[in-house]
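Visitor: Hey, dropping run.txt in here, compact mmCIF, C-alpha atoms and all ligand atoms:
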# COMPACT_ATOMS: atom_id res chain seq x y z
CA MET A 1 78.93 109.44 136.42
CA ASP A 2 77.02 111.26 133.66
CA LYS A 3 79.21 112.68 130.93
CA PRO A 4 79.07 116.47 130.47
CA GLU A 5 77.17 117.63 127.36
CA LYS A 6 79.02 120.27 125.37
CA PRO A 7 77.46 122.38 122.60
CA LEU A 8 79.76 123.42 119.77
CA ASP A 9 79.45 125.12 116.39
CA LEU A 10 81.88 122.71 114.77
CA LEU A 11 83.50 119.43 115.73
CA ILE A 12 86.48 118.29 113.66
CA ILE A 13 87.44 114.62 113.90
CA GLY A 14 91.17 114.12 113.31
CA ALA A 15 94.19 116.38 113.71
CA GLY A 16 96.09 115.58 110.53
CA VAL A 17 96.77 118.18 107.87
CA ALA A 18 93.10 118.33 106.80
CA GLY A 19 91.76 118.66 110.36
CA LEU A 20 94.35 121.22 111.47
CA THR A 21 93.77 123.36 108.37
CA ALA A 22 90.02 123.25 109.00
CA GLY A 23 90.76 124.28 112.60
CA ILE A 24 92.79 127.31 111.49
CA TYR A 25 89.98 128.49 109.21
CA ALA A 26 87.27 127.78 111.80
CA ALA A 27 89.08 129.97 114.34
CA ARG A 28 89.28 132.82 111.83
CA LEU A 29 85.54 132.41 111.20
CA LYS A 30 84.97 132.67 114.97
CA LEU A 31 83.28 129.29 115.20
CA LYS A 32 83.29 127.57 118.58
CA THR A 33 85.31 124.59 117.47
CA LEU A 34 86.96 121.51 118.92
CA ILE A 35 89.33 119.14 117.15
CA LEU A 36 89.27 115.60 118.53
CA GLU A 37 92.38 113.47 118.01
CA ASP A 38 92.46 109.95 119.41
CA GLU A 39 96.22 109.43 118.94
CA ILE A 40 98.95 112.05 118.62
CA VAL A 41 98.50 115.15 116.50
CA GLY A 42 99.77 114.95 112.94
CA GLY A 43 98.43 111.86 111.22
CA GLN A 44 100.34 110.14 108.46
CA ILE A 45 102.85 112.88 107.78
CA GLN A 46 104.09 112.78 111.38
CA GLU A 47 105.92 109.56 110.46
CA THR A 48 107.41 110.84 107.22
CA TYR A 49 111.09 111.61 107.36
CA VAL A 50 111.27 114.36 104.80
CA VAL A 51 108.71 116.33 102.81
CA GLU A 52 109.92 118.10 99.70
CA ASN A 53 106.69 119.11 97.98
CA TYR A 54 104.83 121.31 100.46
CA PRO A 55 104.86 124.91 99.17
CA GLY A 56 107.03 127.20 101.25
CA PHE A 57 109.41 124.45 102.38
CA SER A 58 111.90 122.97 99.93
CA LYS A 59 112.79 120.30 102.50
CA ILE A 60 111.26 119.78 105.94
CA LYS A 61 110.80 116.84 108.31
CA GLY A 62 107.18 115.64 108.47
CA SER A 63 107.17 116.02 112.25
CA GLU A 64 108.49 119.60 112.02
CA LEU A 65 105.87 120.60 109.44
CA ILE A 66 103.09 119.21 111.58
CA ASP A 67 104.47 120.91 114.72
CA LYS A 68 104.20 124.24 112.89
CA MET A 69 100.60 123.54 111.82
CA HIS A 70 99.68 122.38 115.32
CA GLU A 71 101.10 125.55 116.86
CA GLN A 72 99.35 127.72 114.27
CA THR A 73 95.99 126.04 114.98
CA LEU A 74 96.27 126.59 118.74
CA LEU A 75 97.47 130.17 118.28
CA ALA A 76 94.48 130.85 116.02
CA GLY A 77 92.24 129.82 118.92
CA THR A 78 90.82 126.40 118.07
CA ALA A 79 90.70 123.90 120.96
CA LEU A 80 92.23 120.46 120.51
CA ASP A 81 91.63 117.39 122.62
CA GLU A 82 94.08 114.48 122.28
CA PHE A 83 93.63 110.83 123.31
CA ASP A 84 89.85 111.01 123.94
CA LYS A 85 88.31 108.14 121.98
CA ILE A 86 84.95 108.45 120.20
CA VAL A 87 82.64 105.67 121.37
CA SER A 88 79.59 106.43 119.22
CA VAL A 89 78.25 108.86 116.66
CA ARG A 90 74.80 109.84 115.46
CA LEU A 91 74.85 111.91 112.29
CA THR A 92 71.48 112.90 110.82
CA PRO A 93 70.22 116.03 109.05
CA GLN A 94 68.46 116.99 112.32
CA GLU A 95 71.18 116.28 114.90
CA LYS A 96 74.83 115.45 115.27
CA ILE A 97 75.86 113.69 118.47
CA ILE A 98 79.41 112.52 119.12
CA GLU A 99 80.06 110.66 122.35
CA THR A 100 83.63 110.20 123.55
CA GLN A 101 84.95 108.40 126.63
CA THR A 102 84.65 111.66 128.60
CA ALA A 103 81.97 113.88 127.00
CA ILE A 104 78.98 114.19 124.69
CA TYR A 105 79.19 116.81 121.95
CA ARG A 106 76.25 118.24 119.99
CA PRO A 107 77.88 120.35 117.26
CA ALA A 108 75.91 122.14 114.58
CA ALA A 109 78.32 120.76 111.95
CA VAL A 110 80.98 118.05 111.77
CA ILE A 111 84.10 117.71 109.63
CA ILE A 112 85.38 114.15 109.40
CA ALA A 113 89.13 114.37 108.73
CA ALA A 114 90.10 110.98 110.16
CA GLY A 115 92.43 109.97 107.33
CA MET A 116 93.83 106.51 106.73
CA LYS A 117 95.31 103.68 108.78
CA ARG A 118 98.00 101.25 107.68
CA ARG A 119 96.91 97.88 106.26
CA GLU A 120 98.06 94.98 108.43
CA VAL A 121 100.12 92.13 106.97
CA PRO A 122 97.73 89.16 106.56
CA ILE A 123 99.69 86.39 108.32
CA PRO A 124 98.49 84.32 111.31
CA GLU A 125 101.41 85.50 113.48
CA GLU A 126 100.81 89.26 112.96
CA LYS A 127 99.59 89.89 116.51
CA LYS A 128 102.23 87.66 118.15
CA PHE A 129 105.12 89.56 116.55
CA ARG A 130 103.69 93.08 116.30
CA GLY A 131 106.32 95.33 117.84
CA LYS A 132 108.59 92.28 118.29
CA GLY A 133 109.73 91.91 114.72
CA ILE A 134 106.74 93.17 112.74
CA HIS A 135 106.59 96.95 112.42
CA TYR A 136 104.67 99.58 110.50
CA CYS A 137 106.78 102.69 111.19
CA GLU A 138 110.36 102.67 110.01
CA LEU A 139 111.00 106.12 111.47
CA CYS A 140 109.86 105.00 114.91
CA ASP A 141 111.40 101.52 115.06
CA GLY A 142 114.12 101.30 112.39
CA HIS A 143 116.92 102.10 114.85
CA MET A 144 116.17 98.84 116.72
CA TYR A 145 117.69 96.89 113.84
CA ASP A 146 121.15 98.43 113.62
CA GLY A 147 123.48 95.85 112.04
CA LYS A 148 120.67 93.29 111.53
CA VAL A 149 119.13 91.61 108.50
CA ILE A 150 115.67 93.07 107.87
CA ALA A 151 112.92 93.09 105.25
CA VAL A 152 110.35 95.50 103.88
CA VAL A 153 107.03 94.19 102.54
CA GLY A 154 105.38 96.16 99.72
CA GLY A 155 106.13 97.80 96.40
CA GLY A 156 104.69 101.32 96.38
CA ASN A 157 106.24 104.66 97.30
CA SER A 158 105.92 103.93 101.02
CA ALA A 159 107.72 100.57 100.77
CA VAL A 160 110.52 101.81 98.52
CA GLY A 161 110.89 104.93 100.68
CA ALA A 162 111.03 102.76 103.82
CA ALA A 163 113.76 100.57 102.29
CA ASN A 164 115.81 103.62 101.29
CA PHE A 165 115.45 104.95 104.82
CA LEU A 166 116.20 101.65 106.61
CA GLU A 167 119.28 100.66 104.61
CA LYS A 168 121.49 102.75 106.88
CA TYR A 169 120.73 100.37 109.77
CA ALA A 170 120.59 97.10 107.87
CA LYS A 171 123.41 94.61 107.37
CA LYS A 172 121.24 93.35 104.52
CA LEU A 173 117.73 94.37 103.46
CA TYR A 174 115.21 92.37 101.43
CA ILE A 175 112.14 93.83 99.77
CA ILE A 176 109.35 91.25 99.54
CA HIS A 177 106.96 92.26 96.76
CA HIS A 178 104.07 90.24 95.33
CA SER A 179 104.45 91.62 91.79
CA ASP A 180 107.31 91.88 89.26
CA LYS A 181 107.55 95.67 89.31
CA PHE A 182 107.31 98.52 91.78
CA ASN A 183 104.62 101.17 91.75
CA ALA A 184 106.91 103.88 93.10
CA ASP A 185 108.53 107.10 91.86
CA GLN A 186 111.46 106.42 89.52
CA ILE A 187 113.83 108.57 91.59
CA ALA A 188 113.17 106.42 94.68
CA GLN A 189 113.55 103.21 92.65
CA ASP A 190 116.87 104.40 91.19
CA GLN A 191 118.19 105.05 94.71
CA LEU A 192 117.08 101.58 95.80
CA PHE A 193 118.51 99.69 92.81
CA SER A 194 121.88 101.40 93.24
CA ASN A 195 122.22 100.05 96.78
CA LYS A 196 124.14 96.75 96.94
CA LYS A 197 122.78 95.92 100.42
CA ILE A 198 119.21 95.71 99.08
CA GLU A 199 117.86 92.59 97.38
CA VAL A 200 114.39 92.58 95.79
CA LEU A 201 112.40 89.36 96.01
CA TRP A 202 109.91 89.74 93.16
CA ASN A 203 106.63 87.80 92.95
CA SER A 204 106.96 86.89 96.61
CA LYS A 205 104.48 86.89 99.45
CA LEU A 206 105.13 86.80 103.18
CA ILE A 207 103.11 83.87 104.55
CA HIS A 208 104.47 83.21 108.07
CA GLY A 209 106.54 84.70 110.84
CA VAL A 210 108.67 82.34 112.97
CA GLY A 211 110.23 82.77 116.41
CA GLU A 212 109.81 82.11 120.13
CA THR A 213 109.06 85.49 121.71
CA SER A 214 110.32 87.69 118.89
CA LEU A 215 110.65 87.23 115.15
CA SER A 216 113.74 85.29 114.00
CA SER A 217 112.77 84.36 110.44
CA VAL A 218 109.94 84.56 107.92
CA ILE A 219 108.59 82.17 105.31
CA ILE A 220 107.89 83.57 101.88
CA GLU A 221 106.12 81.97 98.94
CA ASN A 222 106.93 82.54 95.29
CA GLN A 223 103.64 83.48 93.61
CA LEU A 224 104.61 81.87 90.28
CA THR A 225 106.18 78.57 91.41
CA LYS A 226 104.50 78.29 94.87
CA GLU A 227 107.91 77.30 96.28
CA THR A 228 108.56 78.47 99.85
CA ARG A 229 111.76 79.81 101.31
CA THR A 230 112.89 80.76 104.82
CA LEU A 231 114.61 84.12 105.29
CA GLU A 232 116.59 84.74 108.47
CA VAL A 233 115.42 88.26 109.33
CA SER A 234 114.87 89.82 112.74
CA GLY A 235 112.67 92.70 111.62
CA VAL A 236 109.99 93.17 108.97
CA PHE A 237 108.60 96.58 108.05
CA VAL A 238 105.18 96.40 106.39
CA GLN A 239 104.12 99.05 103.86
CA ILE A 240 101.22 97.56 101.91
CA GLY A 241 98.90 100.51 101.75
CA SER A 242 96.25 102.18 103.87
CA MET A 243 92.53 102.02 104.51
CA PRO A 244 90.19 104.92 105.30
CA LYS A 245 89.13 105.10 108.97
CA THR A 246 85.39 105.14 108.36
CA ASP A 247 83.96 102.30 110.50
CA LEU A 248 82.38 104.73 112.99
CA TYR A 249 80.31 106.53 110.38
CA LYS A 250 79.18 103.73 108.07
CA ASP A 251 75.60 103.61 109.45
CA TYR A 252 75.02 107.25 108.47
CA ILE A 253 77.50 108.35 105.81
CA ARG A 254 77.66 106.97 102.28
CA LEU A 255 80.92 105.09 101.61
CA ASN A 256 82.31 103.65 98.37
CA GLU A 257 83.42 100.03 97.94
CA SER A 258 86.90 100.86 99.35
CA GLY A 259 85.40 102.43 102.47
CA SER A 260 86.14 106.06 101.52
CA ILE A 261 83.49 108.66 102.29
CA VAL A 262 81.70 109.63 99.08
CA ALA A 263 82.26 113.39 98.65
CA THR A 264 83.42 115.73 95.90
CA GLU A 265 85.71 118.75 96.21
CA THR A 266 82.97 120.56 98.17
CA CYS A 267 83.60 117.91 100.87
CA GLU A 268 79.81 117.60 101.40
CA THR A 269 78.55 114.15 102.37
CA ASN A 270 75.04 112.73 102.03
CA ILE A 271 74.18 114.25 105.44
CA PRO A 272 73.76 118.07 105.42
CA GLY A 273 76.21 119.63 107.88
CA VAL A 274 78.66 116.72 107.76
CA TYR A 275 81.80 117.21 105.65
CA ALA A 276 84.63 114.84 104.76
CA ALA A 277 88.10 116.36 104.33
CA GLY A 278 91.46 114.90 103.32
CA ASP A 279 92.45 111.32 102.55
CA ILE A 280 89.23 109.92 104.02
CA ARG A 281 87.08 111.04 101.09
CA THR A 282 86.86 109.74 97.53
CA LYS A 283 89.54 111.56 95.51
CA PRO A 284 92.15 110.76 92.88
CA ILE A 285 95.12 112.46 94.59
CA ARG A 286 95.98 112.08 98.28
CA GLN A 287 98.65 114.58 99.22
CA LEU A 288 99.33 117.20 101.89
CA THR A 289 98.26 120.01 99.61
CA THR A 290 94.94 118.31 98.72
CA ALA A 291 94.29 117.56 102.41
CA ALA A 292 94.92 121.22 103.28
CA ALA A 293 92.65 122.32 100.43
CA ASP A 294 89.86 120.09 101.74
CA GLY A 295 90.27 121.44 105.26
CA THR A 296 89.84 124.96 103.88
CA VAL A 297 86.75 124.16 101.80
CA ALA A 298 85.08 122.10 104.53
CA ALA A 299 85.50 124.81 107.20
CA LEU A 300 84.23 127.60 104.94
CA LEU A 301 81.19 125.60 103.79
CA ALA A 302 80.51 124.42 107.36
CA GLU A 303 80.35 128.07 108.42
CA LYS A 304 77.75 128.82 105.71
CA TYR A 305 75.74 125.80 106.85
CA ILE A 306 75.89 126.88 110.51
CA ILE A 307 74.79 130.44 109.69
CA GLY A 308 71.87 129.06 107.66
CA LEU A 309 70.91 126.73 110.49
CA LYS A 310 70.96 129.56 113.05
CA LYS A 311 68.78 131.73 110.76
CA ARG A 312 66.26 128.91 110.31
CA LYS A 313 66.06 128.44 114.09
CA GLU A 314 65.49 132.20 114.58
CA VAL A 315 62.63 132.15 112.02
CA ILE A 316 61.01 129.16 113.79
CA ALA A 317 61.42 130.83 117.23
C1 LIG B 401 104.78 107.23 104.33
C2 LIG B 401 104.01 108.40 103.71
C3 LIG B 401 104.70 109.43 103.12
C4 LIG B 401 104.02 110.50 102.53
N1 LIG B 401 104.74 111.51 101.96
C5 LIG B 401 104.08 112.56 101.43
C6 LIG B 401 104.81 113.65 100.89
O1 LIG B 401 106.05 113.67 100.87
N2 LIG B 401 104.10 114.69 100.37
C7 LIG B 401 102.73 114.72 100.35
O2 LIG B 401 102.16 115.69 99.87
N3 LIG B 401 102.02 113.71 100.89
C8 LIG B 401 102.66 112.63 101.41
N4 LIG B 401 101.94 111.61 101.96
C9 LIG B 401 100.47 111.69 101.94
C10 LIG B 401 99.99 112.62 103.06
O3 LIG B 401 100.67 112.27 104.26
C11 LIG B 401 98.49 112.50 103.26
O4 LIG B 401 97.83 112.75 102.05
C12 LIG B 401 97.97 113.51 104.31
O5 LIG B 401 98.77 113.46 105.47
C13 LIG B 401 96.52 113.20 104.66
O6 LIG B 401 96.12 114.03 105.71
P1 LIG B 401 94.71 113.82 106.44
O7 LIG B 401 94.62 114.92 107.44
O8 LIG B 401 93.64 113.68 105.44
O9 LIG B 401 94.79 112.40 107.14
P2 LIG B 401 95.80 111.78 108.22
O10 LIG B 401 97.15 112.30 108.06
O11 LIG B 401 95.59 110.29 108.12
O12 LIG B 401 95.23 112.31 109.62
C14 LIG B 401 94.05 111.82 110.18
C15 LIG B 401 94.08 112.03 111.67
O13 LIG B 401 92.81 111.66 112.22
C16 LIG B 401 93.01 110.93 113.43
N5 LIG B 401 91.84 110.09 113.66
C17 LIG B 401 91.43 109.01 112.97
N6 LIG B 401 90.30 108.49 113.51
C18 LIG B 401 89.99 109.28 114.55
C19 LIG B 401 88.95 109.25 115.53
N7 LIG B 401 87.99 108.33 115.53
N8 LIG B 401 88.95 110.19 116.50
C20 LIG B 401 89.90 111.16 116.52
N9 LIG B 401 90.92 111.22 115.63
C21 LIG B 401 90.96 110.30 114.66
C22 LIG B 401 94.27 110.12 113.14
O14 LIG B 401 94.88 109.67 114.34
C23 LIG B 401 95.11 111.15 112.39
O15 LIG B 401 95.87 111.95 113.26
C24 LIG B 401 102.60 110.53 102.55
C25 LIG B 401 101.90 109.50 103.17
C26 LIG B 401 102.59 108.44 103.77
C27 LIG B 401 101.84 107.32 104.46
Would you mind writing the file out in structure tokens?

Guide:
Amino acid sequence: MDKPEKPLDLLIIGAGVAGLTAGIYAARLKLKTLILEDEIVGGQIQETYVVENYPGFSKIKGSELIDKMHEQTLLAGTALDEFDKIVSVRLTPQEKIIETQTAIYRPAAVIIAAGMKRREVPIPEEKKFRGKGIHYCELCDGHMYDGKVIAVVGGGNSAVGAANFLEKYAKKLYIIHHSDKFNADQIAQDQLFSNKKIEVLWNSKLIHGVGETSLSSVIIENQLTKETRTLEVSGVFVQIGSMPKTDLYKDYIRLNESGSIVATETCETNIPGVYAAGDIRTKPIRQLTTAAADGTVAALLAEKYIIGLKKRKEVIA
């Protein structure tokens, strides 16, 4: 069956904070807009227990904040399609074509707000134990390990935050970190170091997972001595950073060596009419407020581009 072809003013890829903010502005600008989201609405902040630095809310659950933004976007009038996967894109100065599993879109402008995905732990048994001992979302899966010995891998804010969150379930909790210091906020580190249930294994790397059908232990290697050690843990939560989700666009859009879309605070990419908003673009600070700022800028500049394009077409006609 042929897929329906749908014209749009603006297509926004991703319904995280950047995409939803762009959607709110696009509705106010009266652009015929669709936000495509291939998972659930919300992006990274959906999984964050508590947010304490978003203006207007001294303390709010990540999921609650995103619910409010989602509702506001729909009320403003922007359409949102969840769980439809993009299968191909063509992004040139002349045409923008985005094909999903169910439709083909030909928007005048595109905002890529597809954010970041978690980095997988590089061990041979990752796939075997994913969801059966190896996890990436402590908020979603932490409760499965009530009274058990567990570990967190990583040393940044996400890892230290995950350990502080998970300790309530754990009988004992190890943090496996490849370096000899954390790269996390001092306040989070102080909370962690004051907890007697938590033991930090410095200069250590997870090299194997062991178990029949689910994880029962892991093997770690000391990076200085190369000695290995087996830890009896039934769950490991991995927090070793994120990568931009840019594979789909790499044939058209300029990326830097880390895979981020090259764009400044105007969010303009190398292709006129294609904008990159939020964590997916090159930027020094990745936060909710900077993602929302990008969504704003991208939508307002996309509108200017669309108006210009319509005028040029009228002149030619
Ligand atoms: C654990 C953690 C805690 C954090 N805590 C804070 C905090 O307290 N305060 C703060 O300011 N910031 C915090 N951050 C950072 C903040 O969450 C991000 O900067 C912000 O959410 C980025 O928003 P975004 O919209 O750019 O991207 P994302 O949130 O990554 O959203 C991108 C969306 O695009 C979707 N998508 C991707 N590819 C496609 C595709 N092909 N088709 C359709 N949809 C697609 C994804 O599913 C996702 O929903 C935290 C981050 C993490 C990981």

Visitor: Would you mind listing, for every residue of chain A within 8 Å of ligand LIG 401 (chain B), the two atoms forming the shortest contact and the distance between them in Å to one decimal, using all atoms listed in the file, sorted by chain and ascending residue number, as JSON lines?

Guide:
{"residue": "A:Ile13", "atom": "CA", "partner": "B:LIG401", "partner_atom": "C20", "distance": 5.0}
{"residue": "A:Gly14", "atom": "CA", "partner": "B:LIG401", "partner_atom": "O13", "distance": 3.2}
{"residue": "A:Ala15", "atom": "CA", "partner": "B:LIG401", "partner_atom": "O15", "distance": 4.8}
{"residue": "A:Gly16", "atom": "CA", "partner": "B:LIG401", "partner_atom": "O7", "distance": 3.5}
{"residue": "A:Val17", "atom": "CA", "partner": "B:LIG401", "partner_atom": "O7", "distance": 3.9}
{"residue": "A:Ala18", "atom": "CA", "partner": "B:LIG401", "partner_atom": "O7", "distance": 3.8}
{"residue": "A:Gly19", "atom": "CA", "partner": "B:LIG401", "partner_atom": "O7", "distance": 5.5}
{"residue": "A:Leu20", "atom": "CA", "partner": "B:LIG401", "partner_atom": "O7", "distance": 7.5}
{"residue": "A:Leu36", "atom": "CA", "partner": "B:LIG401", "partner_atom": "C20", "distance": 4.9}
{"residue": "A:Glu37", "atom": "CA", "partner": "B:LIG401", "partner_atom": "N9", "distance": 3.6}
{"residue": "A:Asp38", "atom": "CA", "partner": "B:LIG401", "partner_atom": "C20", "distance": 4.0}
{"residue": "A:Glu39", "atom": "CA", "partner": "B:LIG401", "partner_atom": "O14", "distance": 4.8}
{"residue": "A:Ile40", "atom": "CA", "partner": "B:LIG401", "partner_atom": "O15", "distance": 6.2}
{"residue": "A:Val41", "atom": "CA", "partner": "B:LIG401", "partner_atom": "O15", "distance": 5.3}
{"residue": "A:Gly42", "atom": "CA", "partner": "B:LIG401", "partner_atom": "O15", "distance": 4.9}
{"residue": "A:Gly43", "atom": "CA", "partner": "B:LIG401", "partner_atom": "O15", "distance": 3.3}
{"residue": "A:Gln44", "atom": "CA", "partner": "B:LIG401", "partner_atom": "O10", "distance": 3.9}
{"residue": "A:Ile45", "atom": "CA", "partner": "B:LIG401", "partner_atom": "O3", "distance": 4.2}
{"residue": "A:Gln46", "atom": "CA", "partner": "B:LIG401", "partner_atom": "O10", "distance": 7.7}
{"residue": "A:Glu47", "atom": "CA", "partner": "B:LIG401", "partner_atom": "C1", "distance": 6.7}
{"residue": "A:Thr48", "atom": "CA", "partner": "B:LIG401", "partner_atom": "C3", "distance": 5.1}
{"residue": "A:Tyr49", "atom": "CA", "partner": "B:LIG401", "partner_atom": "C3", "distance": 8.0}
{"residue": "A:Val50", "atom": "CA", "partner": "B:LIG401", "partner_atom": "O1", "distance": 6.6}
{"residue": "A:Val51", "atom": "CA", "partner": "B:LIG401", "partner_atom": "O1", "distance": 4.2}
{"residue": "A:Glu52", "atom": "CA", "partner": "B:LIG401", "partner_atom": "O1", "distance": 6.0}
{"residue": "A:Asn53", "atom": "CA", "partner": "B:LIG401", "partner_atom": "N2", "distance": 5.7}
{"residue": "A:Tyr54", "atom": "CA", "partner": "B:LIG401", "partner_atom": "O2", "distance": 6.2}
{"residue": "A:Gly62", "atom": "CA", "partner": "B:LIG401", "partner_atom": "O1", "distance": 7.9}
{"residue": "A:Glu82", "atom": "CA", "partner": "B:LIG401", "partner_atom": "C20", "distance": 7.9}
{"residue": "A:Phe83", "atom": "CA", "partner": "B:LIG401", "partner_atom": "C20", "distance": 7.8}
{"residue": "A:Asp84", "atom": "CA", "partner": "B:LIG401", "partner_atom": "C20", "distance": 7.4}
{"residue": "A:Lys85", "atom": "CA", "partner": "B:LIG401", "partner_atom": "N8", "distance": 5.9}
{"residue": "A:Ile86", "atom": "CA", "partner": "B:LIG401", "partner_atom": "N7", "distance": 5.6}
{"residue": "A:Ala113", "atom": "CA", "partner": "B:LIG401", "partner_atom": "O8", "distance": 5.6}
{"residue": "A:Ala114", "atom": "CA", "partner": "B:LIG401", "partner_atom": "O13", "distance": 3.5}
{"residue": "A:Gly115", "atom": "CA", "partner": "B:LIG401", "partner_atom": "O11", "distance": 3.3}
{"residue": "A:Met116", "atom": "CA", "partner": "B:LIG401", "partner_atom": "O11", "distance": 4.4}
{"residue": "A:Lys117", "atom": "CA", "partner": "B:LIG401", "partner_atom": "O11", "distance": 6.6}
{"residue": "A:Arg118", "atom": "CA", "partner": "B:LIG401", "partner_atom": "C27", "distance": 7.9}
{"residue": "A:Asn157", "atom": "CA", "partner": "B:LIG401", "partner_atom": "C1", "distance": 7.6}
{"residue": "A:Ser158", "atom": "CA", "partner": "B:LIG401", "partner_atom": "C1", "distance": 4.8}
{"residue": "A:Gly161", "atom": "CA", "partner": "B:LIG401", "partner_atom": "C1", "distance": 7.5}
{"residue": "A:Ala162", "atom": "CA", "partner": "B:LIG401", "partner_atom": "C1", "distance": 7.7}
{"residue": "A:Gly241", "atom": "CA", "partner": "B:LIG401", "partner_atom": "C27", "distance": 7.9}
{"residue": "A:Ser242", "atom": "CA", "partner": "B:LIG401", "partner_atom": "C27", "distance": 7.6}
{"residue": "A:Lys245", "atom": "CA", "partner": "B:LIG401", "partner_atom": "N6", "distance": 5.8}
{"residue": "A:Thr246", "atom": "CA", "partner": "B:LIG401", "partner_atom": "N6", "distance": 7.9}
{"residue": "A:Leu248", "atom": "CA", "partner": "B:LIG401", "partner_atom": "N7", "distance": 7.1}
{"residue": "A:Ala277", "atom": "CA", "partner": "B:LIG401", "partner_atom": "O8", "distance": 6.3}
{"residue": "A:Gly278", "atom": "CA", "partner": "B:LIG401", "partner_atom": "O8", "distance": 3.3}
{"residue": "A:Asp279", "atom": "CA", "partner": "B:LIG401", "partner_atom": "O8", "distance": 3.9}
{"residue": "A:Ile280", "atom": "CA", "partner": "B:LIG401", "partner_atom": "O8", "distance": 6.0}
{"residue": "A:Ile285", "atom": "CA", "partner": "B:LIG401", "partner_atom": "O4", "distance": 7.9}
{"residue": "A:Arg286", "atom": "CA", "partner": "B:LIG401", "partner_atom": "O4", "distance": 4.3}
{"residue": "A:Gln287", "atom": "CA", "partner": "B:LIG401", "partner_atom": "O4", "distance": 3.5}
{"residue": "A:Leu288", "atom": "CA", "partner": "B:LIG401", "partner_atom": "O2", "distance": 3.8}
{"residue": "A:Thr289", "atom": "CA", "partner": "B:LIG401", "partner_atom": "O2", "distance": 5.8}
{"residue": "A:Thr290", "atom": "CA", "partner": "B:LIG401", "partner_atom": "O4", "distance": 7.1}
{"residue": "A:Ala291", "atom": "CA", "partner": "B:LIG401", "partner_atom": "O8", "distance": 5.0}
{"residue": "A:Ala292", "atom": "CA", "partner": "B:LIG401", "partner_atom": "O7", "distance": 7.6}

Visitor: Go through A:Glu199, A:Asp294, A:Glu303, A:Asp247 one by one, measure the shortest atom-to-atom distance of each to Val87 in chain A using only C-alpha atoms, and give the residue with the smallest value.

Guide: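 Of the candidates, the smallest distance to Val87 in chain A is held by A:Asp247.
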
Visitor: Using all atoms listed in the file, which of the listed residues (A:Glu167, A:Glu212, A:Glu227, A:Asp146) sits closest to Lys196 in chain A?

Guide: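 Under the stated criterion, the closest residue is A:Glu167.
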
Visitor: Find the distance between CA of Asp185 in chain A and CA of Gly133 in chain A and write it in Å to one decimal.

Guide: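 CA of Asp185 in chain A sits 27.5 Å away from CA of Gly133 in chain A.
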
Visitor: Do you have the CA of Lys304 in chain A-CA of Pro93 in chain A distance handy?

Guide: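 It comes out at 15.2 Å.
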
Visitor: Between CA of Tyr136 in chain A and CA of Phe165 in chain A, what is the distance, to one decimal in Å?

Guide: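 According to the coordinates, CA of Tyr136 in chain A and CA of Phe165 in chain A are separated by 13.3 Å.
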
Visitor: Compute the distance from (74.5, 119.5, 121.0) to each atom, counting all atoms listed in the file, keep the residues with any atom at most 7 Å away, and return them as a list in words; use the coordinates of the file.

Guide: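 Counting all atoms listed in the file, I find these residues within 7 Å of (74.5, 119.5, 121.0): Lys6, Pro7, Leu8, Ile97, Tyr105, Arg106 and Pro107 of chain A.
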